[in-house]
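Shown here: coords-v4.pdb, PDB, C-alpha atoms.
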```
ATOM      1  CA  MET A   1     -15.322  -5.128  -4.622
ATOM      2  CA  PRO A   2     -14.938  -4.114  -0.948
ATOM      3  CA  GLY A   3     -12.760  -1.220   0.173
ATOM      4  CA  ARG A   4     -10.019  -1.830   2.745
ATOM      5  CA  THR A   5      -9.648  -5.498   3.537
ATOM      6  CA  TYR A   6      -7.458  -7.418   5.970
ATOM      7  CA  THR A   7      -5.590 -10.698   5.740
ATOM      8  CA  THR A   8      -5.590 -13.290   8.497
ATOM      9  CA  THR A   9      -1.986 -12.315   9.287
ATOM     10  CA  GLU A  10      -2.888  -8.639   9.741
ATOM     11  CA  ILE A  11      -5.859  -9.522  11.945
ATOM     12  CA  SER A  12      -3.697 -11.823  14.056
ATOM     13  CA  ARG A  13      -1.375  -8.893  14.815
ATOM     14  CA  ILE A  14      -4.301  -6.636  15.704
ATOM     15  CA  CYS A  15      -5.778  -9.249  18.045
ATOM     16  CA  ASP A  16      -2.398 -10.538  19.317
ATOM     17  CA  VAL A  17      -3.140 -14.155  18.381
ATOM     18  CA  TYR A  18      -1.768 -16.681  15.921
ATOM     19  CA  PRO A  19      -3.074 -16.579  12.314
ATOM     20  CA  ALA A  20      -4.477 -20.081  12.866
ATOM     21  CA  SER A  21      -6.824 -18.619  15.506
ATOM     22  CA  VAL A  22      -8.145 -16.078  13.010
ATOM     23  CA  ILE A  23      -8.706 -18.832  10.445
ATOM     24  CA  SER A  24     -10.619 -20.786  13.091
ATOM     25  CA  TRP A  25     -12.836 -17.760  13.818
ATOM     26  CA  ILE A  26     -13.611 -17.428  10.126
ATOM     27  CA  ASP A  27     -14.274 -21.127   9.548
ATOM     28  CA  SER A  28     -16.573 -21.291  12.592
ATOM     29  CA  GLY A  29     -18.545 -18.248  11.442
ATOM     30  CA  LYS A  30     -17.495 -15.976  14.297
ATOM     31  CA  LEU A  31     -15.707 -13.609  11.908
ATOM     32  CA  ARG A  32     -17.326 -12.876   8.561
ATOM     33  CA  ALA A  33     -14.974 -13.170   5.569
ATOM     34  CA  TYR A  34     -14.881 -13.924   1.882
ATOM     35  CA  VAL A  35     -12.485 -16.012  -0.192
ATOM     36  CA  THR A  36     -10.593 -14.613  -3.178
ATOM     37  CA  PRO A  37     -10.401 -16.537  -6.471
ATOM     38  CA  GLY A  38      -6.928 -17.614  -5.317
ATOM     39  CA  GLY A  39      -8.387 -19.195  -2.175
ATOM     40  CA  HIS A  40      -7.232 -16.551   0.337
ATOM     41  CA  ARG A  41      -9.449 -15.323   3.169
ATOM     42  CA  ARG A  42     -10.157 -11.589   3.344
ATOM     43  CA  VAL A  43     -12.122  -9.588   5.916
ATOM     44  CA  THR A  44     -13.598  -6.177   5.172
ATOM     45  CA  ARG A  45     -12.913  -3.304   7.524
ATOM     46  CA  GLU A  46     -16.583  -3.099   8.476
ATOM     47  CA  ASP A  47     -16.758  -6.787   9.405
ATOM     48  CA  LEU A  48     -13.488  -6.564  11.336
ATOM     49  CA  ILE A  49     -14.691  -3.573  13.350
ATOM     50  CA  GLU A  50     -17.957  -5.354  14.143
ATOM     51  CA  PHE A  51     -16.026  -8.422  15.323
ATOM     52  CA  LEU A  52     -13.605  -6.387  17.464
ATOM     53  CA  LYS A  53     -16.471  -4.530  19.135
ATOM     54  CA  LYS A  54     -18.353  -7.755  19.815
ATOM     55  CA  CYS A  55     -15.245  -9.309  21.395
ATOM     56  CA  ARG A  56     -14.361  -6.082  23.251
ATOM     57  CA  ILE A  57     -10.952  -5.949  21.585
ATOM     58  CA  PRO A  58      -9.445  -2.426  21.349
ATOM     59  CA  ILE A  59      -9.763  -1.067  17.814
ATOM     60  CA  PRO A  60      -6.527   0.493  16.504
ATOM     61  CA  PRO A  61      -6.919   4.060  15.156
ATOM     62  CA  GLU A  62      -5.695   3.028  11.711
ATOM     63  CA  VAL A  63      -8.551   0.531  11.414
ATOM     64  CA  MET A  64     -11.135   3.226  12.170
ATOM     65  CA  SER A  65      -9.622   5.704   9.716
ATOM     66  CA  ASP A  66     -10.919   6.064   6.143
ATOM     67  CA  LYS A  67      -7.483   7.161   4.973
ATOM     68  CA  LYS A  68      -5.563   5.042   2.481
ATOM     69  CA  THR A  69      -2.046   4.126   3.554
ATOM     70  CA  VAL A  70       0.695   4.935   1.049
ATOM     71  CA  LEU A  71       4.240   3.650   1.515
ATOM     72  CA  ILE A  72       6.951   5.700  -0.218
ATOM     73  CA  VAL A  73      10.027   3.580  -0.969
ATOM     74  CA  GLU A  74      12.763   6.015  -1.980
ATOM     75  CA  ASP A  75      16.448   6.090  -1.023
ATOM     76  CA  GLU A  76      16.858   9.802  -1.808
ATOM     77  CA  PRO A  77      15.499  11.753   1.212
ATOM     78  CA  ASP A  78      14.757  14.967  -0.713
ATOM     79  CA  VAL A  79      12.623  13.159  -3.276
ATOM     80  CA  ALA A  80      10.826  11.191  -0.556
ATOM     81  CA  ARG A  81      10.012  14.406   1.304
ATOM     82  CA  MET A  82       8.622  16.084  -1.821
ATOM     83  CA  ILE A  83       6.348  13.113  -2.525
ATOM     84  CA  GLU A  84       5.265  13.003   1.117
ATOM     85  CA  ARG A  85       4.385  16.712   1.124
ATOM     86  CA  ALA A  86       2.331  16.312  -2.045
ATOM     87  CA  LEU A  87       0.321  13.470  -0.522
ATOM     88  CA  VAL A  88      -0.090  15.183   2.846
ATOM     89  CA  ARG A  89      -1.834  18.091   1.079
ATOM     90  CA  GLN A  90      -4.638  15.551   0.678
ATOM     91  CA  GLN A  91      -4.453  14.577   4.347
ATOM     92  CA  ASP A  92      -8.127  13.586   4.484
ATOM     93  CA  HIS A  93      -7.380  10.781   2.048
ATOM     94  CA  PHE A  94      -3.775   9.628   2.558
ATOM     95  CA  ALA A  95      -1.721   8.401   5.494
ATOM     96  CA  VAL A  96       1.947   8.337   4.495
ATOM     97  CA  GLN A  97       4.769   6.027   5.538
ATOM     98  CA  LYS A  98       8.342   5.946   4.226
ATOM     99  CA  ALA A  99      11.081   3.376   3.719
ATOM    100  CA  ALA A 100      14.613   4.130   2.527
ATOM    101  CA  SER A 101      15.382   0.718   1.013
ATOM    102  CA  GLY A 102      13.749  -2.318  -0.506
ATOM    103  CA  VAL A 103      14.508  -4.463   2.524
ATOM    104  CA  GLU A 104      13.048  -1.882   4.918
ATOM    105  CA  ALA A 105       9.953  -1.672   2.728
ATOM    106  CA  LEU A 106       9.376  -5.429   2.834
ATOM    107  CA  VAL A 107       9.711  -5.427   6.621
ATOM    108  CA  GLN A 108       7.148  -2.631   6.961
ATOM    109  CA  ILE A 109       4.771  -4.279   4.503
ATOM    110  CA  GLY A 110       5.083  -7.551   6.409
ATOM    111  CA  GLN A 111       4.037  -5.772   9.599
ATOM    112  CA  ARG A 112       1.125  -3.934   8.009
ATOM    113  CA  CYS A 113       0.262  -3.989   4.341
ATOM    114  CA  PRO A 114      -0.383  -0.520   2.865
ATOM    115  CA  ASP A 115      -2.992   0.231   0.233
ATOM    116  CA  LEU A 116      -0.428   1.550  -2.241
ATOM    117  CA  VAL A 117       3.352   1.555  -2.688
ATOM    118  CA  ILE A 118       5.248   4.312  -4.514
ATOM    119  CA  LEU A 119       8.450   2.505  -5.397
ATOM    120  CA  ASP A 120      11.742   3.822  -6.762
ATOM    121  CA  ILE A 121      13.146   1.298  -9.220
ATOM    122  CA  VAL A 122      16.847   2.168  -8.932
ATOM    123  CA  MET A 123      18.043   1.694  -5.336
ATOM    124  CA  PRO A 124      21.211   0.242  -3.808
ATOM    125  CA  GLY A 125      21.003  -3.329  -2.597
ATOM    126  CA  MET A 126      17.555  -4.655  -3.446
ATOM    127  CA  ASP A 127      16.170  -2.656  -6.362
ATOM    128  CA  GLY A 128      12.513  -1.895  -7.027
ATOM    129  CA  LEU A 129      11.967  -4.745  -9.487
ATOM    130  CA  LYS A 130      13.217  -7.261  -6.896
ATOM    131  CA  VAL A 131      10.804  -5.749  -4.385
ATOM    132  CA  CYS A 132       7.982  -6.208  -6.901
ATOM    133  CA  GLU A 133       8.950  -9.842  -7.411
ATOM    134  CA  LYS A 134       8.883 -10.468  -3.654
ATOM    135  CA  LEU A 135       5.502  -8.751  -3.260
ATOM    136  CA  ARG A 136       3.913 -10.612  -6.148
ATOM    137  CA  SER A 137       5.177 -13.957  -4.826
ATOM    138  CA  MET A 138       3.264 -13.599  -1.532
ATOM    139  CA  PRO A 139      -0.515 -14.132  -1.413
ATOM    140  CA  GLU A 140      -1.010 -11.238   1.018
ATOM    141  CA  THR A 141       0.564  -8.713  -1.370
ATOM    142  CA  SER A 142      -0.038 -10.274  -4.781
ATOM    143  CA  SER A 143      -2.630  -7.628  -5.702
ATOM    144  CA  LEU A 144      -1.031  -4.643  -3.934
ATOM    145  CA  LYS A 145      -1.125  -1.435  -6.016
ATOM    146  CA  ILE A 146       2.349  -0.247  -7.051
ATOM    147  CA  ILE A 147       3.412   3.016  -8.689
ATOM    148  CA  ALA A 148       6.979   2.643  -9.958
ATOM    149  CA  ILE A 149       9.158   5.735 -10.399
ATOM    150  CA  SER A 150      12.622   6.149 -11.851
ATOM    151  CA  GLY A 151      14.932   8.813 -13.190
ATOM    152  CA  LYS A 152      17.738   6.545 -14.327
ATOM    153  CA  ARG A 153      15.902   3.980 -16.418
ATOM    154  CA  THR A 154      12.632   3.524 -18.255
ATOM    155  CA  LEU A 155      10.593   0.374 -17.849
ATOM    156  CA  THR A 156       9.292  -1.411 -20.896
ATOM    157  CA  ASP A 157       5.651  -2.423 -21.154
ATOM    158  CA  LYS A 158       6.775  -6.035 -20.747
ATOM    159  CA  GLU A 159       8.628  -5.242 -17.502
ATOM    160  CA  ILE A 160       5.664  -3.286 -16.147
ATOM    161  CA  GLN A 161       3.271  -6.131 -16.878
ATOM    162  CA  SER A 162       5.524  -8.978 -15.752
ATOM    163  CA  HIS A 163       6.254  -7.301 -12.395
ATOM    164  CA  GLY A 164       2.636  -6.382 -11.697
ATOM    165  CA  ILE A 165       3.284  -2.632 -11.712
ATOM    166  CA  SER A 166       0.089  -0.572 -11.712
ATOM    167  CA  ALA A 167       1.614   2.644 -13.121
ATOM    168  CA  PHE A 168       5.041   4.005 -14.057
ATOM    169  CA  LEU A 169       6.223   7.636 -13.872
ATOM    170  CA  LYS A 170       9.579   8.801 -15.225
ATOM    171  CA  LYS A 171      11.444  11.426 -13.203
ATOM    172  CA  PRO A 172      11.135  14.365 -13.341
ATOM    173  CA  PHE A 173       7.363  14.208 -13.041
ATOM    174  CA  CYS A 174       4.606  16.496 -11.848
ATOM    175  CA  LEU A 175       3.724  15.747  -8.238
ATOM    176  CA  GLU A 176       0.095  16.535  -8.925
ATOM    177  CA  ASP A 177       0.078  13.816 -11.595
ATOM    178  CA  LEU A 178       1.504  11.379  -9.050
ATOM    179  CA  VAL A 179      -1.219  12.229  -6.539
ATOM    180  CA  LYS A 180      -3.913  11.898  -9.207
ATOM    181  CA  THR A 181      -2.521   8.516 -10.239
ATOM    182  CA  ALA A 182      -2.545   7.338  -6.621
ATOM    183  CA  ALA A 183      -6.118   8.544  -6.160
ATOM    184  CA  LYS A 184      -7.264   6.821  -9.348
ATOM    185  CA  LEU A 185      -5.695   3.493  -8.355
ATOM    186  CA  LEU A 186      -7.278   3.712  -4.894
ATOM    187  CA  ARG A 187     -10.639   4.875  -6.288
ATOM    188  CA  ILE A 188     -10.881   8.004  -4.194
ATOM    189  CA  GLN A 189     -11.971  11.534  -5.077
ATOM    190  CA  ILE A 190      -9.500  14.304  -4.304
ATOM    191  CA  GLU A 191      -9.781  18.070  -4.321
ATOM    192  CA  PRO A 192      -7.975  19.840  -7.174
ATOM    193  CA  SER A 193      -4.696  21.412  -6.059
ATOM    194  CA  SER A 194      -4.877  25.185  -5.667
ATOM    195  CA  LYS A 195      -1.149  25.543  -6.092
ATOM    196  CA  LYS A 196       0.983  24.671  -9.083
ATOM    197  CA  ALA A 197       2.699  21.368  -8.341
ATOM    198  CA  LYS A 198       6.451  21.193  -8.595
ATOM    199  CA  SER A 199       8.323  18.520 -10.500
ATOM    200  CA  ALA A 200      10.235  15.950  -8.485
ATOM    201  CA  GLN A 201      13.802  16.015  -9.776
ATOM    202  CA  ALA A 202      16.097  12.989  -9.596
ATOM    203  CA  VAL A 203      19.259  14.037  -7.803
TER     204      VAL A 203
END
```

Encoded form (structure tokens):
Amino acid sequence: MPGRTYTTTEISRICDVYPASVISWIDSGKLRAYVTPGGHRRVTREDLIEFLKKCRIPIPPEVMSDKKTVLIVEDEPDVARMIERALVRQQDHFAVQKAASGVEALVQIGQRCPDLVILDIVMPGMDGLKVCEKLRSMPETSSLKIIAISGKRTLTDKEIQSHGISAFLKKPFCLEDLVKTAAKLLRIQIEPSSKKAKSAQAV
């Protein structure tokens, strides 16, 4: 299975064209791609970079980076900052983004899909389970890795499976465990933490 891959929608934003143009490039053989079992076109980072260079299209820094993008969706700023700091300690591996609500998260994901979402389940407005339902209903995000977190409720195995959640951590949890879970889901090797990780408390 390839590493970072891109959808036709993501490539269209990078190249400032319509998605139909990207599909045409793929179908004509100009841009190498593969098709998922669900029938969706995917382009590996290596093939995208080769195509952009050949067409003399500027390559965005995030495409060149080996870092995995993690989106933290958490309405409590203190908790979001603690998670961000824990991930940033592994700055060679993670690039961190944040969203304070489910709606904001969906907007960000629509603009550029991350590699992993750390998602608080209990949030005002659109809660985490609704976000999961939206993500799983769209082809571009149907296989997106999701770590669900919550201090106010525990998810059942049935809820975890039915909403496509990759892992669930109950607050308070060890931040180092969260980072290790993220690394495992993204198949990356991280350096052991030299400092004792603090627990993220639900306020």

Check the smallest atom-to-atom distance from each of A:Val79, A:Glu133, A:Pro139, A:Asp47 to Gly29 in chain A using all atoms listed in the file, then report the winner.
A:Asp47

Using all atoms listed in the file, can you tell me which of A:Arg41, A:Lys98, A:Lys170, A:Lys30 comes closest to Ala80 in chain A?
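Using all atoms listed in the file, Ala80 in chain A sits closest to A:Lys98.
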
Residue members of the PyMOL selection byres ((chain A and resi 99) around 7) in the file shown, as a PyMOL selection string
chain A and resi 72-74+98+100-101+104-105

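For the file shown, the residue list from the PyMOL selection byres ((chain A and resi 95) around 6) reads Lys67, Lys68, Thr69, Phe94 and Val96 of chain A.
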
Taking only C-alpha atoms into account, which of A:Ile49, A:Val117, A:Val179, A:Leu155 comes nearest Gln91 in chain A?
A:Val179

Could you add whatever atoms are missing so that range 22-41 of chain A carries N, CA and C atoms, then write the result as a short mmCIF file (atom, residue, chain, number, x, y, z; two decimals), in the frame of the given file?
```cif
data_model
loop_
_atom_site.label_atom_id
_atom_site.label_comp_id
_atom_site.auth_asym_id
_atom_site.auth_seq_id
_atom_site.Cartn_x
_atom_site.Cartn_y
_atom_site.Cartn_z
N VAL A 22 -7.28 -16.90 13.87
CA VAL A 22 -8.14 -16.08 13.01
C VAL A 22 -8.85 -16.96 11.98
N ILE A 23 -8.11 -17.90 11.41
CA ILE A 23 -8.71 -18.83 10.44
C ILE A 23 -9.82 -19.64 11.10
N SER A 24 -9.60 -20.04 12.34
CA SER A 24 -10.62 -20.79 13.09
C SER A 24 -11.87 -19.94 13.31
N TRP A 25 -11.69 -18.66 13.64
CA TRP A 25 -12.84 -17.76 13.82
C TRP A 25 -13.64 -17.65 12.53
N ILE A 26 -12.93 -17.55 11.41
CA ILE A 26 -13.61 -17.43 10.13
C ILE A 26 -14.36 -18.72 9.78
N ASP A 27 -13.67 -19.84 9.93
CA ASP A 27 -14.27 -21.13 9.55
C ASP A 27 -15.47 -21.48 10.43
N SER A 28 -15.46 -21.00 11.68
CA SER A 28 -16.57 -21.29 12.59
C SER A 28 -17.71 -20.28 12.46
N GLY A 29 -17.50 -19.24 11.65
CA GLY A 29 -18.55 -18.25 11.44
C GLY A 29 -18.53 -17.09 12.43
N LYS A 30 -17.56 -17.07 13.32
CA LYS A 30 -17.50 -15.98 14.30
C LYS A 30 -17.06 -14.66 13.64
N LEU A 31 -16.21 -14.78 12.62
CA LEU A 31 -15.71 -13.61 11.91
C LEU A 31 -16.08 -13.75 10.44
N ARG A 32 -16.88 -12.81 9.95
CA ARG A 32 -17.33 -12.88 8.56
C ARG A 32 -16.17 -12.58 7.61
N ALA A 33 -16.05 -13.35 6.54
CA ALA A 33 -14.97 -13.17 5.57
C ALA A 33 -15.44 -13.66 4.21
N TYR A 34 -14.64 -13.37 3.21
CA TYR A 34 -14.88 -13.92 1.88
C TYR A 34 -13.57 -14.53 1.38
N VAL A 35 -13.66 -15.33 0.35
CA VAL A 35 -12.48 -16.01 -0.19
C VAL A 35 -12.21 -15.49 -1.60
N THR A 36 -10.98 -15.12 -1.87
CA THR A 36 -10.59 -14.61 -3.18
C THR A 36 -10.54 -15.78 -4.18
N PRO A 37 -10.52 -15.46 -5.48
CA PRO A 37 -10.40 -16.54 -6.47
C PRO A 37 -9.16 -17.41 -6.26
N GLY A 38 -8.14 -16.84 -5.61
CA GLY A 38 -6.93 -17.61 -5.32
C GLY A 38 -7.03 -18.44 -4.05
N GLY A 39 -8.18 -18.38 -3.37
CA GLY A 39 -8.39 -19.20 -2.17
C GLY A 39 -7.93 -18.56 -0.87
N HIS A 40 -7.71 -17.23 -0.86
CA HIS A 40 -7.23 -16.55 0.34
C HIS A 40 -8.38 -15.84 1.05
N ARG A 41 -8.40 -15.94 2.37
CA ARG A 41 -9.45 -15.32 3.17
C ARG A 41 -9.19 -13.83 3.31
#
```
